[in-house]
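*Asks:* Quick one, upload_16.txt (compact mmCIF, C-alpha atoms and all ligand atoms):
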# COMPACT_ATOMS: atom_id res chain seq x y z
CA MET L 525 0.00 0.00 0.00
CA SER L 526 1.38 3.36 -0.83
CA ILE L 527 0.35 6.51 1.00
CA ILE L 528 -0.35 9.49 -1.22
CA PRO L 529 -0.56 12.84 0.57
CA ARG L 530 -1.92 15.97 -1.10
CA LYS L 531 0.84 17.56 -3.18
CA ALA L 532 0.85 20.69 -1.04
CA VAL L 533 1.55 18.67 2.09
CA LEU L 534 4.85 17.47 0.65
CA ASN L 535 6.06 21.07 0.56
CA VAL L 536 5.43 21.80 4.26
CA LYS L 537 8.39 22.41 6.50
CA PRO L 538 6.84 21.65 9.87
CA TYR L 539 6.90 24.20 12.69
CA LEU L 540 9.44 23.16 15.33
CA PRO L 541 8.20 24.00 18.82
CA GLY L 542 10.60 24.50 21.74
CA LYS L 543 11.39 21.53 23.99
CA PRO L 544 9.21 20.97 27.07
CA ILE L 545 10.81 22.03 30.36
CA GLU L 546 10.44 18.56 31.89
CA GLU L 547 12.23 16.97 28.95
CA VAL L 548 15.12 19.44 29.15
CA LYS L 549 15.44 18.69 32.88
CA ARG L 550 15.48 14.95 32.27
CA GLU L 551 17.92 15.06 29.35
CA LEU L 552 20.39 17.35 31.05
CA GLY L 553 19.91 16.16 34.61
CA LEU L 554 18.99 19.70 35.75
CA GLN L 555 16.66 20.60 38.63
CA ASP L 556 15.89 24.17 37.80
CA VAL L 557 15.12 25.05 34.21
CA ILE L 558 13.56 28.30 33.00
CA LYS L 559 11.76 28.75 29.72
CA MET L 560 12.21 32.05 27.94
CA ALA L 561 11.53 30.69 24.49
CA SER L 562 7.84 30.82 23.57
CA ASN L 563 6.67 34.32 24.49
CA GLU L 564 4.47 33.01 27.27
CA ASN L 565 3.48 34.92 30.39
CA PRO L 566 6.09 34.18 33.09
CA LEU L 567 3.75 35.24 35.92
CA GLY L 568 1.59 32.17 35.43
CA PRO L 569 -2.09 32.17 34.48
CA SER L 570 -4.54 34.84 35.63
CA PRO L 571 -5.55 33.82 39.20
CA LYS L 572 -9.18 34.62 38.42
CA ALA L 573 -9.00 32.23 35.48
CA MET L 574 -7.57 29.49 37.68
CA ASP L 575 -10.37 29.90 40.24
CA ALA L 576 -13.04 29.78 37.56
CA ILE L 577 -11.52 26.68 35.97
CA LYS L 578 -11.30 24.84 39.32
CA LYS L 579 -14.99 25.49 39.89
CA TYR L 580 -15.91 24.23 36.43
CA VAL L 581 -13.67 21.20 36.18
CA GLY L 582 -16.37 18.77 37.42
CA SER L 583 -18.42 19.58 34.31
CA ILE L 584 -15.91 18.55 31.68
CA ASN L 585 -17.93 15.44 30.91
CA ARG L 586 -20.05 17.84 28.82
CA TYR L 587 -19.13 19.11 25.38
CA PRO L 588 -18.12 22.75 25.31
CA GLU L 589 -20.48 25.54 24.29
CA GLY L 590 -20.02 25.25 20.51
CA GLY L 591 -20.53 28.91 19.74
CA CYS L 592 -18.60 30.23 22.78
CA PHE L 593 -21.87 31.92 23.78
CA TYR L 594 -20.78 33.55 27.06
CA LEU L 595 -17.22 34.29 25.98
CA ARG L 596 -18.56 35.83 22.80
CA GLY L 597 -20.85 38.09 24.81
CA ALA L 598 -18.04 39.10 27.16
CA VAL L 599 -15.56 39.91 24.39
CA ALA L 600 -18.19 41.72 22.29
CA LYS L 601 -19.07 43.90 25.28
CA ARG L 602 -15.44 44.63 26.07
CA LEU L 603 -14.59 45.56 22.47
CA LYS L 604 -17.90 47.33 21.85
CA ILE L 605 -18.67 45.24 18.79
CA LYS L 606 -21.53 42.95 17.77
CA PRO L 607 -21.30 39.28 18.83
CA GLU L 608 -21.65 38.26 15.17
CA GLN L 609 -18.40 40.05 14.39
CA LEU L 610 -16.48 37.43 16.38
CA ILE L 611 -15.10 33.97 15.74
CA PHE L 612 -13.20 31.95 18.35
CA GLY L 613 -10.36 29.57 17.69
CA ASN L 614 -8.24 26.91 19.35
CA GLY L 615 -5.63 29.61 19.83
CA SER L 616 -5.48 32.47 17.36
CA ASP L 617 -3.38 30.06 15.28
CA GLU L 618 -6.52 28.24 14.21
CA LEU L 619 -7.89 31.41 12.64
CA ILE L 620 -5.05 31.37 10.10
CA GLY L 621 -6.23 27.99 8.84
CA LEU L 622 -9.91 28.97 8.94
CA THR L 623 -9.15 32.07 6.87
CA LEU L 624 -7.36 29.97 4.28
CA LYS L 625 -10.13 27.35 4.24
CA ALA L 626 -12.82 29.96 3.82
CA PHE L 627 -11.24 32.24 1.25
CA VAL L 628 -8.28 30.64 -0.55
CA ASN L 629 -8.52 28.06 -3.30
CA GLU L 630 -5.48 25.99 -4.21
CA GLY L 631 -3.25 28.17 -6.39
CA ASP L 632 -4.71 31.48 -5.16
CA GLU L 633 -2.16 34.01 -3.98
CA VAL L 634 -1.35 35.01 -0.44
CA ILE L 635 1.34 37.45 0.67
CA VAL L 636 3.57 36.93 3.70
CA ALA L 637 6.59 38.80 5.00
CA LYS L 638 9.90 37.19 5.93
CA PRO L 639 11.00 36.67 8.64
CA THR L 640 7.71 36.78 10.51
CA PHE L 641 5.45 34.38 12.43
CA LEU L 642 6.11 31.08 10.66
CA MET L 643 2.57 29.72 10.75
CA TYR L 644 1.34 31.99 7.94
CA GLU L 645 3.70 30.31 5.52
CA VAL L 646 3.35 26.81 7.00
CA ALA L 647 -0.46 26.91 6.87
CA SER L 648 -0.56 28.53 3.43
CA THR L 649 1.84 25.94 2.04
CA ALA L 650 -0.20 23.05 3.45
CA HIS L 651 -3.28 24.65 1.96
CA GLY L 652 -1.72 24.79 -1.49
CA ALA L 653 -1.75 28.58 -1.82
CA LYS L 654 0.72 30.38 -4.05
CA ILE L 655 2.86 32.30 -1.60
CA LYS L 656 4.53 35.61 -2.38
CA VAL L 657 7.22 36.38 0.14
CA VAL L 658 8.22 39.98 0.83
CA PRO L 659 11.38 40.61 2.86
CA MET L 660 11.26 42.77 5.98
CA ARG L 661 13.26 46.01 5.94
CA TYR L 662 15.29 46.88 8.98
CA PHE L 663 13.36 44.27 11.00
CA LYS L 664 10.04 45.88 10.04
CA TYR L 665 7.16 44.99 7.75
CA ASP L 666 7.65 46.73 4.41
CA LEU L 667 3.99 47.43 3.69
CA ARG L 668 4.76 49.42 0.54
CA ALA L 669 6.57 46.46 -0.98
CA MET L 670 3.79 44.15 0.15
CA LYS L 671 1.18 46.37 -1.47
CA ASP L 672 3.16 46.34 -4.73
CA GLU L 673 2.68 42.56 -4.77
CA VAL L 674 -1.09 42.74 -4.40
CA ASN L 675 -3.19 42.02 -7.48
CA LYS L 676 -6.69 40.75 -8.24
CA ASN L 677 -5.62 37.17 -7.44
CA THR L 678 -4.38 38.08 -3.95
CA ARG L 679 -6.80 36.57 -1.48
CA VAL L 680 -5.02 37.19 1.83
CA VAL L 681 -2.19 39.39 3.09
CA PHE L 682 -0.82 38.34 6.49
CA ILE L 683 0.48 41.08 8.79
CA ALA L 684 1.63 40.52 12.37
CA ASN L 685 1.35 43.75 14.31
CA PRO L 686 3.44 43.69 16.39
CA ASP L 687 5.62 41.17 14.67
CA ASN L 688 7.16 37.99 15.99
CA PRO L 689 10.19 37.44 16.00
CA ASN L 690 11.25 41.04 15.34
CA GLY L 691 9.19 42.71 18.05
CA THR L 692 8.57 45.75 15.83
CA TYR L 693 5.25 47.29 14.81
CA VAL L 694 3.55 48.92 11.89
CA ALA L 695 2.54 52.50 12.67
CA ARG L 696 -0.93 53.95 12.10
CA HIS L 697 0.00 55.92 8.98
CA GLU L 698 1.72 52.87 7.45
CA LEU L 699 -1.32 50.67 7.98
CA GLU L 700 -3.68 53.34 6.66
CA ASN L 701 -1.63 53.86 3.51
CA PHE L 702 -1.52 50.13 2.98
CA LEU L 703 -5.27 49.63 3.34
CA LYS L 704 -6.13 52.50 1.03
CA GLY L 705 -7.28 51.25 -2.37
CA LEU L 706 -6.68 47.52 -1.88
CA PRO L 707 -8.78 45.33 -4.20
CA GLU L 708 -12.09 44.32 -2.62
CA GLU L 709 -11.22 40.66 -3.18
CA THR L 710 -8.21 40.90 -0.87
CA ILE L 711 -8.55 40.16 2.83
CA VAL L 712 -6.02 41.54 5.28
CA PHE L 713 -5.27 39.22 8.21
CA LEU L 714 -4.01 41.52 10.96
CA ASP L 715 -2.56 39.46 13.79
CA GLU L 716 -2.51 41.40 17.05
CA ALA L 717 -1.38 38.59 19.37
CA TYR L 718 0.94 40.98 21.26
CA CYS L 719 -1.18 44.16 21.12
CA ASP L 720 -1.63 44.27 24.91
CA PHE L 721 2.05 45.00 25.45
CA VAL L 722 2.33 47.91 23.02
CA GLU L 723 2.53 51.37 24.58
CA GLU L 724 3.51 53.42 21.53
CA GLN L 725 1.12 56.26 20.68
CA ASP L 726 1.14 55.63 16.94
CA TYR L 727 0.29 51.92 17.23
CA PRO L 728 -3.00 51.40 15.38
CA ASN L 729 -5.95 49.54 16.85
CA GLY L 730 -6.98 47.24 14.00
CA LEU L 731 -10.61 47.29 15.13
CA GLU L 732 -10.91 50.91 13.95
CA TYR L 733 -10.44 49.81 10.34
CA LEU L 734 -13.01 47.03 10.21
CA ARG L 735 -15.85 49.09 8.84
CA GLU L 736 -14.18 50.15 5.62
CA ASN L 737 -11.88 47.22 4.89
CA ASN L 738 -11.95 43.48 4.39
CA LEU L 739 -9.97 42.90 7.50
CA ILE L 740 -9.71 40.09 10.06
CA VAL L 741 -8.14 41.22 13.32
CA THR L 742 -6.96 38.38 15.55
CA ARG L 743 -6.09 38.42 19.24
CA THR L 744 -5.27 35.82 21.85
CA PHE L 745 -5.53 34.86 25.51
CA SER L 746 -2.13 33.13 25.24
CA LYS L 747 0.17 36.04 25.95
CA ALA L 748 -0.78 38.92 28.26
CA TYR L 749 -3.64 36.87 29.81
CA GLY L 750 -1.40 33.90 30.56
CA LEU L 751 -3.57 31.14 29.10
CA ALA L 752 -1.36 29.70 26.32
CA GLY L 753 -2.06 26.12 27.42
CA LEU L 754 -5.81 26.52 27.09
CA ARG L 755 -5.67 27.63 23.46
CA VAL L 756 -8.16 30.45 23.09
CA GLY L 757 -7.94 33.18 20.50
CA TYR L 758 -10.45 35.14 18.47
CA GLY L 759 -10.91 36.97 15.22
CA VAL L 760 -12.94 40.12 14.66
CA SER L 761 -14.27 41.09 11.26
CA ASN L 762 -17.46 42.02 9.47
CA PRO L 763 -20.34 39.55 9.89
CA GLU L 764 -20.10 38.36 6.29
CA ILE L 765 -16.45 37.34 6.59
CA ILE L 766 -17.18 35.73 9.96
CA LYS L 767 -20.09 33.78 8.48
CA TYR L 768 -17.79 32.07 5.94
CA MET L 769 -15.17 31.30 8.57
CA GLU L 770 -17.84 29.84 10.87
CA ALA L 771 -18.89 27.55 8.02
CA VAL L 772 -15.48 25.83 8.02
CA ARG L 773 -14.96 25.76 11.80
CA ASP L 774 -15.19 22.50 13.77
CA PRO L 775 -18.23 22.62 16.05
CA PHE L 776 -16.37 22.24 19.37
CA ASN L 777 -13.04 23.87 18.54
CA VAL L 778 -12.64 25.82 21.77
CA ASN L 779 -12.60 23.65 24.91
CA SER L 780 -14.82 24.44 27.86
CA LEU L 781 -12.06 25.20 30.38
CA GLY L 782 -10.57 27.57 27.83
CA GLN L 783 -13.86 29.41 27.49
CA ILE L 784 -14.39 29.61 31.26
CA GLY L 785 -10.78 30.69 31.85
CA ALA L 786 -10.87 33.34 29.15
CA ILE L 787 -14.06 34.94 30.50
CA ALA L 788 -12.47 35.21 33.96
CA ALA L 789 -9.11 36.41 32.59
CA LEU L 790 -10.85 39.17 30.68
CA LYS L 791 -12.10 40.52 34.00
CA ASP L 792 -8.73 40.19 35.73
CA LYS L 793 -7.49 43.73 35.16
CA ASP L 794 -5.06 43.48 38.03
CA PHE L 795 -3.27 40.50 36.46
CA LEU L 796 -3.16 42.19 33.07
CA SER L 797 -1.56 45.32 34.45
CA LYS L 798 0.94 43.25 36.49
CA SER L 799 1.86 41.33 33.35
CA LYS L 800 2.42 44.51 31.36
CA LYS L 801 4.49 46.01 34.15
CA ALA L 802 6.68 42.90 34.39
CA VAL L 803 7.34 43.10 30.66
CA ARG L 804 8.03 46.84 30.72
CA GLU L 805 10.47 46.57 33.62
CA GLY L 806 12.02 43.34 32.41
CA LYS L 807 12.76 44.84 29.01
CA LYS L 808 14.37 47.89 30.62
CA PHE L 809 16.67 45.66 32.62
CA LEU L 810 17.53 43.40 29.69
CA TYR L 811 18.20 46.34 27.36
CA SER L 812 20.61 47.98 29.76
CA GLU L 813 22.45 44.73 30.46
CA LEU L 814 22.67 43.83 26.77
CA LYS L 815 23.95 47.32 25.95
CA ALA L 816 26.58 47.05 28.65
CA MET L 817 27.69 43.74 27.13
CA GLY L 818 27.87 45.25 23.66
CA ALA L 819 25.16 42.90 22.38
CA ARG L 820 22.89 44.37 19.74
CA TYR L 821 19.14 43.88 19.91
CA VAL L 822 16.02 45.04 18.13
CA PRO L 823 13.99 47.36 20.41
CA SER L 824 10.73 45.54 21.02
CA VAL L 825 7.14 46.61 21.73
CA THR L 826 6.33 43.02 22.76
CA ASN L 827 7.27 40.59 25.54
CA PHE L 828 10.35 39.24 23.73
CA ILE L 829 13.59 40.59 22.31
CA LEU L 830 15.52 39.59 19.20
CA ILE L 831 19.22 39.65 20.06
CA GLU L 832 22.06 39.64 17.56
CA LEU L 833 25.06 37.66 18.78
CA GLY L 834 26.68 36.83 15.45
CA PRO L 835 27.16 33.46 13.76
CA LYS L 836 27.58 31.71 17.11
CA SER L 837 24.05 32.64 18.25
CA GLY L 838 22.74 29.09 17.79
CA GLU L 839 25.66 27.64 19.69
CA ILE L 840 25.16 30.20 22.48
CA ALA L 841 21.49 29.22 22.67
CA GLU L 842 22.55 25.57 23.04
CA ARG L 843 25.02 26.46 25.79
CA LEU L 844 22.34 28.44 27.62
CA LEU L 845 20.10 25.39 27.38
CA LYS L 846 22.76 23.28 29.08
CA LYS L 847 22.66 25.80 31.93
CA GLY L 848 18.90 25.43 32.20
CA VAL L 849 17.92 28.60 30.32
CA ILE L 850 15.76 27.84 27.29
CA VAL L 851 15.79 30.61 24.67
CA ARG L 852 14.74 30.47 21.03
CA ASN L 853 17.37 29.41 18.56
CA MET L 854 16.48 31.35 15.41
CA LYS L 855 17.81 28.79 12.96
CA SER L 856 14.36 27.69 11.80
CA TRP L 857 13.70 31.31 10.79
CA GLY L 858 16.97 31.32 8.84
CA MET L 859 18.32 33.95 11.25
CA GLU L 860 21.56 32.28 12.28
CA ASN L 861 22.98 35.46 13.86
CA PHE L 862 20.13 35.88 16.31
CA MET L 863 18.39 34.42 19.30
CA ARG L 864 15.02 35.43 20.71
CA VAL L 865 14.43 35.70 24.41
CA THR L 866 11.08 36.09 26.12
CA VAL L 867 11.00 38.54 29.01
CA GLY L 868 10.77 36.50 32.19
CA LYS L 869 10.32 37.19 35.89
CA GLU L 870 12.95 39.42 37.46
CA ALA L 871 15.01 36.49 38.75
CA GLU L 872 14.78 34.74 35.38
CA ASN L 873 15.98 37.81 33.49
CA LYS L 874 18.91 38.10 35.88
CA ARG L 875 19.79 34.44 35.48
CA PHE L 876 19.66 34.69 31.69
CA ILE L 877 22.01 37.69 31.74
CA ARG L 878 24.36 36.00 34.23
CA GLU L 879 24.64 32.88 32.08
CA LEU L 880 24.93 34.85 28.85
CA LYS L 881 27.77 36.91 30.30
CA LYS L 882 29.62 33.76 31.28
CA ILE L 883 29.40 32.55 27.69
CA ILE L 884 30.13 35.67 25.67
CA LEU L 885 32.32 37.90 27.83
C1 LIG Q 1 2.45 36.63 15.94
C2 LIG Q 1 1.75 35.48 16.57
N1 LIG Q 1 0.49 35.22 16.20
C3 LIG Q 1 -0.19 34.20 16.72
C4 LIG Q 1 0.38 33.38 17.66
C5 LIG Q 1 -0.42 32.20 18.13
O1 LIG Q 1 -0.95 32.38 19.34
P1 LIG Q 1 -2.07 31.44 19.91
O2 LIG Q 1 -2.38 30.41 18.89
O3 LIG Q 1 -1.52 30.87 21.15
O4 LIG Q 1 -3.24 32.34 20.14
C6 LIG Q 1 1.67 33.60 18.10
C7 LIG Q 1 2.28 32.71 19.09
O5 LIG Q 1 3.43 32.72 19.39
C8 LIG Q 1 2.38 34.68 17.52
O6 LIG Q 1 3.64 34.92 17.87
Could I get this structure in the form of structure tokens?
Ligand SMILES: Cc1ncc(COP(=O)(O)O)c(C=O)c1O
*Replies:*
Amino acid sequence: MSIIPRKAVLNVKPYLPGKPIEEVKRELGLQDVIKMASNENPLGPSPKAMDAIKKYVGSINRYPEGGCFYLRGAVAKRLKIKPEQLIFGNGSDELIGLTLKAFVNEGDEVIVAKPTFLMYEVASTAHGAKIKVVPMRYFKYDLRAMKDEVNKNTRVVFIANPDNPNGTYVARHELENFLKGLPEETIVFLDEAYCDFVEEQDYPNGLEYLRENNLIVTRTFSKAYGLAGLRVGYGVSNPEIIKYMEAVRDPFNVNSLGQIGAIAALKDKDFLSKSKKAVREGKKFLYSELKAMGARYVPSVTNFILIELGPKSGEIAERLLKKGVIVRNMKSWGMENFMRVTVGKEAENKRFIRELKKIIL
């Protein structure tokens, strides 16, 4: 018997996730390992979310609420939008695939930047889309160059704002110029996974552009809200776009504990502001230490920093791992001169710097 996958599947270079902490401990015989590799919230989950989940856990014999009824209501109220403008996903990741399923036929064009969040390209490749890749300029999205690539066959343009792994953002005027005059057939997928951390005045709120554009704005409970393990994200768009995405969504895609946790986390303003503060202060510390070491980095509006340590960056990441500090080796992005570190708790940031100094100084 011979297995025949779809042609597009043969072209996929799978996404390589970081190693689990427990596995690193076991392999290296270490007691104390810290993970600063996946842009998670180092403060743990929102305490309100944990309480809500504990109360609900006895009901997980039931299927989840298929339409995320209560979560939908809570998010709609918070964002001052209509419930029918929302779609929920198993992480905001899932919304990438739903967008492709709903709007992109095999061979249709999509536009992605490089290097950016890898899942746009991975999912588009698996889907069989024709991918146009536009290089970043100075670690930033080059929206002018991306717009030059748009034509009537362009179904989706993926933009991460802010971007991962660069940590940079597209400013309001750049986004507005980009959106102006796009073909009606083109949908802009605006991924705002890290929007909660951005404090810059000229950072645009994607929701303000929904009325006049074919735009899907996605957000997540994985980062600032500390619920990465529960996998809850959402997309906001106009009801017509949402209707088509709903048509290709699995009925129970968001688990019940995720829904319960997300509703509680949304109300946990105290945790959100603590998380933002930890990131703000952690970045300040890391910047000043990196500067003192002579290590170059890309100033970030997110909860992670891209650090340039030259051709030995991958090796340095491996040596940090052996010391129990997991950072992101940027090899799979083709960025051999860089590593990416997620801002941790104060003690974690200090330990990372201490170990890095031992290696590079
Ligand atoms: C830019 C970007 N978008 C989306 C995601 C996916 O987040 P999730 O699926 O956990 O909501 C990530 C995760 O790292 C990300 O960096």
*Asks:* Excluding Thr623 (chain L) and any residue of its chain fewer than 6 positions from it, enumerate the residues within 10 Å of it, using all atoms listed in the file, and give them as a PyMOL selection string.
*Replies:* chain L and resi 648+679-680+711+713+740+759+765-766+768-770+772-773
*Asks:* How many Å lie between CA of Ile635 (chain L) and CA of Asp720 (chain L), rounded to one decimal?
*Replies:*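 A separation of 25.4 Å between them.
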*Asks:* Have a look at L:Leu880, L:Val634, L:Val822, L:Leu734 and name the one nearest to Ile850 (chain L); count all atoms listed in the file.
*Replies:* L:Leu880
*Asks:* When distances are computed from only C-alpha atoms, which of L:Arg586, L:Lys874, L:Arg661, L:Arg596 shows the smallest separation from Gly806 (chain L)?
*Replies:* L:Lys874
*Asks:* Per residue of chain L within 7 Å of ligand LIG 1 (chain Q), which atom pair is closest and at what distance in Å (one decimal), using only C-alpha atoms and all ligand atoms, listed by chain and increasing number, as CSV?
*Replies:*
residue,atom,partner,partner_atom,distance
L:Ser562,CA,Q:LIG1,O5,6.4
L:Asn563,CA,Q:LIG1,O5,6.3
L:Asn614,CA,Q:LIG1,O2,6.8
L:Gly615,CA,Q:LIG1,O2,3.5
L:Ser616,CA,Q:LIG1,O4,3.6
L:Asp617,CA,Q:LIG1,O2,3.8
L:Glu618,CA,Q:LIG1,O2,6.6
L:Phe641,CA,Q:LIG1,C1,5.1
L:Ala684,CA,Q:LIG1,C1,5.3
L:Asp687,CA,Q:LIG1,C1,5.7
L:Asn688,CA,Q:LIG1,C1,4.9
L:Asp715,CA,Q:LIG1,N1,5.8
L:Glu716,CA,Q:LIG1,N1,6.9
L:Ala717,CA,Q:LIG1,N1,5.0
L:Arg743,CA,Q:LIG1,O4,6.8
L:Thr744,CA,Q:LIG1,O4,4.4
L:Phe745,CA,Q:LIG1,O4,6.4
L:Ser746,CA,Q:LIG1,O3,4.7
L:Ala752,CA,Q:LIG1,O3,5.3
L:Arg755,CA,Q:LIG1,O3,5.7
L:Val756,CA,Q:LIG1,O4,6.0
L:Gly757,CA,Q:LIG1,O4,4.8
*Asks:* Using CA of Ala600 (chain L) and CA of Phe682 (chain L) as the two end points, give the distance in Å to one decimal.
*Replies:* 23.7 Å
*Asks:* Looking at L:Gly652, L:Pro763, L:Gly868, L:Gly834, which one is nearest to Glu608 (chain L), with distances taken over all atoms listed in the file?
*Replies:*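 Among the listed residues, L:Pro763 lies closest to Glu608 (chain L).
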*Asks:* At a cut-off of 12 Å, using only C-alpha atoms, what residues contact Ile584 (chain L)? Leave out same-chain residues fewer than 5 positions from it and give the result as a PyMOL selection string.
*Replies:* chain L and resi 577-579+589+779-784
*Asks:* Mind pulling up the distance from CA of Tyr665 (chain L) to CA of Val825 (chain L)?
*Replies:* 14.1 Å
*Asks:* With 7 Å as the threshold, what does the neighbourhood of (-16.4, 31.1, 35.8) contain in terms of residues, counting all atoms listed in the file? Coordinates are those of the file; answer as a list in words.
*Replies:* Ala576, Ile577, Tyr580, Ile784, Gly785, Ile787 and Ala788 of chain L
*Asks:* Specify the axis-aligned box that encloses all atoms of region 700-705 of chain L listed in the file after padding of 3 Å on each side, stating its centre and edge lengths in Å to one decimal as lines of an AutoDock Vina configuration file.
*Replies:*
center_x = -4.4
center_y = 51.7
center_z = 2.1
size_x = 11.8
size_y = 10.2
size_z = 15.0
*Asks:* Identify, on the basis of all atoms listed in the file, every residue whose closest approach to region 690-692 of chain L does not exceed 10 Å; exclude the query and any residue fewer than 2 positions from it along the same chain; express the result as a list in words.
*Replies:*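 Here the qualifying residues turn out to be Pro639, Thr640, Phe641, Met660, Tyr662, Phe663, Lys664, Tyr665, Ala684, Asn685, Pro686, Asp687, Asn688, Val694, Ala695, Tyr718, Val722, Tyr821, Val822, Pro823, Ser824, Val825, Thr826, Asn827, Phe828, Ile829, Leu830, Ile831 and Arg864 of chain L.
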*Asks:* Measuring atom to atom with only C-alpha atoms, identify which of L:Asp792, L:Gly753, L:Lys800, L:Arg820 is nearest to Cys719 (chain L).
*Replies:*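 Using only C-alpha atoms, the shortest distance to Cys719 (chain L) belongs to L:Lys800.
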*Asks:* Contacts of Leu796 (chain L) at 8 Å or less, counting only C-alpha atoms, minus same-chain residues fewer than 2 places along, as a count of residues only?
*Replies:* 9
*Asks:* For Lys836 (chain L), please output as number ranges by chain all residues within 10 Å (counting all atoms listed in the file; exclusion window: fewer than 5 positions along the same chain).
*Replies:* L: 841-842, 860-863, 884
*Asks:* Tell me which of L:His697, L:Asn729, L:Leu603, L:Ala532 sits closest to Lys654 (chain L), counting only C-alpha atoms.
*Replies:* L:Ala532
*Asks:* Please supply region 563-580 of chain L, rebuilt with N, CA and C atoms, as a compact mmCIF listing (two decimals), in the frame of the given file.
*Replies:*
# COMPACT_ATOMS: atom_id res chain seq x y z
N ASN L 563 7.45 33.09 24.31
CA ASN L 563 6.67 34.32 24.49
C ASN L 563 5.42 34.13 25.35
N GLU L 564 5.58 33.24 26.34
CA GLU L 564 4.47 33.01 27.27
C GLU L 564 4.54 34.02 28.42
N ASN L 565 3.51 34.01 29.25
CA ASN L 565 3.48 34.92 30.39
C ASN L 565 4.21 34.27 31.56
N PRO L 566 5.31 34.85 32.04
CA PRO L 566 6.09 34.18 33.09
C PRO L 566 5.41 34.25 34.46
N LEU L 567 4.39 35.11 34.60
CA LEU L 567 3.75 35.24 35.92
C LEU L 567 2.74 34.13 36.20
N GLY L 568 2.58 33.24 35.23
CA GLY L 568 1.59 32.17 35.43
C GLY L 568 0.28 32.58 34.78
N PRO L 569 -0.79 31.78 35.02
CA PRO L 569 -2.09 32.17 34.48
C PRO L 569 -2.76 33.24 35.35
N SER L 570 -3.75 33.90 34.82
CA SER L 570 -4.54 34.84 35.63
C SER L 570 -5.15 34.07 36.80
N PRO L 571 -4.97 34.54 38.05
CA PRO L 571 -5.55 33.82 39.20
C PRO L 571 -7.06 33.69 39.11
N LYS L 572 -7.71 34.71 38.57
CA LYS L 572 -9.18 34.62 38.42
C LYS L 572 -9.55 33.49 37.46
N ALA L 573 -8.73 33.32 36.43
CA ALA L 573 -9.00 32.23 35.48
C ALA L 573 -8.84 30.89 36.18
N MET L 574 -7.79 30.78 36.99
CA MET L 574 -7.57 29.49 37.68
C MET L 574 -8.74 29.15 38.60
N ASP L 575 -9.23 30.14 39.34
CA ASP L 575 -10.37 29.90 40.24
C ASP L 575 -11.58 29.42 39.44
N ALA L 576 -11.85 30.12 38.36
CA ALA L 576 -13.04 29.78 37.56
C ALA L 576 -12.93 28.36 37.00
N ILE L 577 -11.72 28.02 36.56
CA ILE L 577 -11.52 26.68 35.97
C ILE L 577 -11.71 25.60 37.03
N LYS L 578 -11.17 25.84 38.23
CA LYS L 578 -11.30 24.84 39.32
C LYS L 578 -12.78 24.58 39.60
N LYS L 579 -13.55 25.65 39.60
CA LYS L 579 -14.99 25.49 39.89
C LYS L 579 -15.68 24.70 38.78
N TYR L 580 -15.20 24.82 37.57
CA TYR L 580 -15.91 24.23 36.43
C TYR L 580 -15.48 22.81 36.13
